[in-house]
Amino acid sequence: VTANFVQETDALLALKAIFNDPFLNKNWTGSLHCYADYPSQWYGIQCSHDDRVTGISLQSMGLTGKVSADAFAYFPELTLISLNNNSISGNVVNLSSNRKMKHIDLSGNRLYGQISPSLLSLDLLESLQLQDNSLTGPIPEFNQSSLKVFNVSNNNLKGKIPTTPVLQSFSSASYYNNQGLCGPPAENPCNSSAFSEKYTSNSDNKDSSKRTYKFATVFLIFDVIGLVAVMLLFILYYKRAKKLKKMIKNMQKDLKEAEAEVEVEAEAEVEVEAEAEAEERVVAVEEKREENNNKKKLIFMEGVEAEFELNDLFKAPAEGLGKGIFGNTYKAKLEGYMGIKSVVVKRLRDLKPLSNEEFTKQVNMIHAHHNHPNLLPLLAYYYSKDEKLLVYKYAENGNLFNRIHGEKSSKDRIAFTWSSRLSVARGVARALEYLHINISGMIPHGNLKSTNILLDEHETVVVSDYGLSSLVALPIASQRMVSYKSPEYQSNKRVSRKSDVWSYGCLLLELLTSRVSVHSAPPGINGVDLSTWVHRAVREEWTAEIFDPEISKHRRACHGMLKLLQIALRCCDKSPEKRPEMTEVVRVVENIKVVEESEDEEDLSGDPSLTDDSLSITAPAMVAGDQRL
Ligand SMILES: Nc1ncnc2c1ncn2[C@@H]1O[C@H](COP(=O)(O)OP(=O)(O)OP(=O)(O)O)[C@@H](O)[C@H]1O
């Protein structure tokens, strides 16, 4: 064990302390077996043939903590850092000691400060992804010919984009949504006056003084031409002055005569106009009154029979349910309004600027799907300039997240049986298939996750939050919505029906493993990148450990669980084209037999059949739909 190796292990332990993540705390223990041809036991760590750390890959794990400037200084062989989609804060670290670095992905974190100029010294750098952070200051003058992927969009960078050939070769998308950036390839030109005053940095001053000099010359030429023109006009004027004087005299005379006539007519007209004006005013006041009345009204969706008003909602006992990406959500207790006991009010925020008509159109599109048994119906909405509310039926049995993870290892936990989980998987699949077939022109769901899957009073699964993605402003959507965290959004900035399929796969993995998924972990709760974890389990043939013991003890359900796992992994394929359509998913999930858990079934979690051939299948067999399943 070399001194360097010990140093690298210590540096990883220091990172572990910063992240203080339950999964890493458990996984990064014991000595780091970072030997050639021996896969590292430490999650996310890659090694070289000469036993050095070459890659740190911890995406979407809900990691927090402030990374110090020298956190990676002890890994001279590092070629890859991928910490995207976490909540890590601090500055972009100093990487001047990592001369072999090729891929840096720190996107989707909370990094602030300037982009470290140390990155300029990385001669082998191929990709740099810093989008979706809060970085400030100018872009350093990157010009490594190796650099093929570059993205700093959605930050607060400013100044002119350096004119190096490499930085100029990327499209405007790489620089998108940085208010203070200007010049090509960004869409804001630097010479707009507001821009140059507000944002351009000192280095631009030389350029702008050159421009000023050119403008001054042009203005001088125009001045001379203008002077000659004025003189010519003056001579012309003098010649015509006499003629004009005469004309003016005649005109004044005509005008006096005409004024006398007009005065008589005007007196009559004034009376008519005053009457019309008074009438108009009355109509306007009435219209305004009606508009104000409408403004304070809840608009109930067609077919909804309820009689409460906005005031009833305000007066009702309320309970905050949480703060989601669309705003705060409250439960209001409304005893006895046409059988509706409680409703949920979503106070929307961060929306696109929408007129009343546009908002109403979107809301009606949501309502068009209210008849599907697995979609949560919208009851009413309220629109004003400053306030937009959506009112839904309250789902009495809460959300799927709590059903899976709630009361863990407590006596009060009601077991979440295999058959109930299967029925959730079916209901959500049917709802998604319906949305995919029936919604045109909208992002299908966009935010499918376990807190958006609800259970009503009959334990029927209902999907909520559908149809809202088209209301949210893009920067917010790309920061917070699940679809925008899909692998394809990371690479090509596209969301589609297949992003929903990916989300559905992640949801199935959460259902099967009962592990908190980074995909749907509410704020403050750390999750695991389940797809990576499960793929690894299958690859390394410890499949039996994937399943939650609460279900894996039901041996007769094992066949169905494997089927569900298989379709989940297909849905989680990195490449969207390889994922199945929801119609196929529904067919597969519906074909899984419901096996009722018999009361007397013994705990078989230690049963060898769960580690026999049927479960120790390999990844290719899993994905290819091995006939043994
Ligand atoms: N109609 C409902 N009935 C019961 N609980 C609900 C209902 N709507 C939302 N909730 C619950 O209220 C909480 C807040 O919901 P909200 O939709 O605001 O945020 P979220 O689901 O956590 O995140 P996101 O906004 O990303 O969907 C969640 O726990 C959600 O499950």
# chains A, B, ... in the order shown; residues from 1 in each chain; ligands from 1
call {"tool": "residues_near_ligand", "arguments": {"ligand": "ligand 1", "cutoff": "10 Å", "atoms": "only C-alpha atoms and all ligand atoms", "output": "PyMOL selection string"}}
result
chain A and resi 320-331+342-348+376-378+391-402+446-456+462-466+468+477+480-482+520-523
call {"tool": "residues_around", "arguments": {"residues": "Arg515 in chain A", "least_positions_apart": "2", "cutoff": "12 Å", "atoms": "only C-alpha atoms", "output": "ChimeraX atom specification"}}
result
/A:23,401-402,404-406,408,450,506-513,517-521,525-531,533-534,545-549
call {"tool": "residues_around", "arguments": {"residues": "Val495 in chain A", "least_positions_apart": "3", "cutoff": "10 Å", "atoms": "only C-alpha atoms", "output": "PyMOL selection string"}}
result
chain A and resi 443-444+446+478+482-490+492+498-500+576
call {"tool": "closest_residue", "arguments": {"among": "A:Ile567, A:Ile551, A:Ala332, A:Val589", "to": "Ala425 in chain A", "atoms": "only C-alpha atoms"}}
result
A:Val589
call {"tool": "select_by_dssp", "arguments": {"residues": "range 291-404 of chain A", "states": "strand (DSSP E or B)", "output": "ChimeraX atom specification"}}
result
/A:299-300,318-324,327-337,340-348,351,375,378-383,388-393,399
call {"tool": "residues_around", "arguments": {"residues": "Ala431 in chain A", "least_positions_apart": "5", "cutoff": "9 Å", "atoms": "only C-alpha atoms", "output": "NGL selection string"}}
result
:A and (372-375 or 426 or 436 or 462-463)
call {"tool": "write_last_selection", "arguments": {"atoms": "all heavy atoms", "output": "compact mmCIF listing (two decimals), in the first residue's frame"}}
result
# COMPACT_ATOMS: atom_id res chain seq x y z
N HIS A 372 -60.95 9.50 -15.75
CA HIS A 372 -60.14 8.30 -15.59
C HIS A 372 -60.02 7.95 -14.10
O HIS A 372 -59.69 8.82 -13.30
CB HIS A 372 -58.75 8.50 -16.20
CG HIS A 372 -58.00 7.22 -16.35
ND1 HIS A 372 -57.40 6.59 -15.29
CD2 HIS A 372 -57.81 6.42 -17.43
CE1 HIS A 372 -56.85 5.46 -15.72
NE2 HIS A 372 -57.08 5.34 -17.02
N PRO A 373 -60.30 6.69 -13.74
CA PRO A 373 -60.32 6.36 -12.30
C PRO A 373 -58.98 6.52 -11.61
O PRO A 373 -58.93 6.60 -10.38
CB PRO A 373 -60.74 4.88 -12.29
CG PRO A 373 -60.48 4.37 -13.67
CD PRO A 373 -60.62 5.53 -14.59
N ASN A 374 -57.88 6.58 -12.36
CA ASN A 374 -56.57 6.70 -11.71
C ASN A 374 -55.95 8.08 -11.85
O ASN A 374 -54.75 8.25 -11.71
CB ASN A 374 -55.61 5.63 -12.25
CG ASN A 374 -56.12 4.24 -12.01
OD1 ASN A 374 -56.46 3.53 -12.94
ND2 ASN A 374 -56.25 3.85 -10.77
N LEU A 375 -56.79 9.06 -12.19
CA LEU A 375 -56.29 10.45 -12.24
C LEU A 375 -57.06 11.29 -11.24
O LEU A 375 -58.30 11.20 -11.16
CB LEU A 375 -56.45 11.02 -13.66
CG LEU A 375 -55.53 10.41 -14.72
CD1 LEU A 375 -55.90 10.94 -16.11
CD2 LEU A 375 -54.06 10.72 -14.43
N ARG A 426 -50.06 -1.09 -11.37
CA ARG A 426 -51.03 -1.17 -12.47
C ARG A 426 -51.77 0.15 -12.67
O ARG A 426 -51.91 0.63 -13.78
CB ARG A 426 -52.06 -2.26 -12.17
CG ARG A 426 -51.48 -3.63 -12.32
CD ARG A 426 -52.51 -4.64 -11.96
NE ARG A 426 -52.06 -5.97 -12.32
CZ ARG A 426 -52.74 -7.06 -12.08
NH1 ARG A 426 -53.91 -7.00 -11.48
NH2 ARG A 426 -52.28 -8.22 -12.46
N HIS A 436 -50.67 9.51 -22.11
CA HIS A 436 -49.81 9.49 -23.31
C HIS A 436 -50.62 9.37 -24.59
O HIS A 436 -50.25 9.90 -25.62
CB HIS A 436 -48.81 8.33 -23.22
CG HIS A 436 -47.72 8.61 -22.25
ND1 HIS A 436 -46.59 7.85 -22.12
CD2 HIS A 436 -47.58 9.60 -21.33
CE1 HIS A 436 -45.81 8.35 -21.17
NE2 HIS A 436 -46.40 9.41 -20.68
N VAL A 462 -54.44 7.22 -7.29
CA VAL A 462 -54.73 8.32 -8.22
C VAL A 462 -53.46 9.15 -8.42
O VAL A 462 -52.76 9.48 -7.47
CB VAL A 462 -55.88 9.25 -7.76
CG1 VAL A 462 -57.25 8.65 -8.03
CG2 VAL A 462 -55.76 9.62 -6.31
N VAL A 463 -53.20 9.48 -9.68
CA VAL A 463 -52.01 10.26 -10.01
C VAL A 463 -52.37 11.74 -9.98
O VAL A 463 -53.40 12.13 -10.53
CB VAL A 463 -51.51 9.86 -11.42
CG1 VAL A 463 -50.36 10.74 -11.87
CG2 VAL A 463 -51.09 8.39 -11.43
call {"tool": "closest_residue", "arguments": {"among": "A:Ser503, A:Ser57, A:Ser491, A:Thr417", "to": "Ala429 in chain A", "atoms": "only C-alpha atoms"}}
result
A:Ser503
call {"tool": "atom_distance", "arguments": {"atom1": "CA of Tyr504 in chain A", "atom2": "CA of Val595 in chain A"}}
result
22.4 Å
call {"tool": "atom_distance", "arguments": {"atom1": "CA of Val424 in chain A", "atom2": "CA of Cys571 in chain A"}}
result
16.5 Å
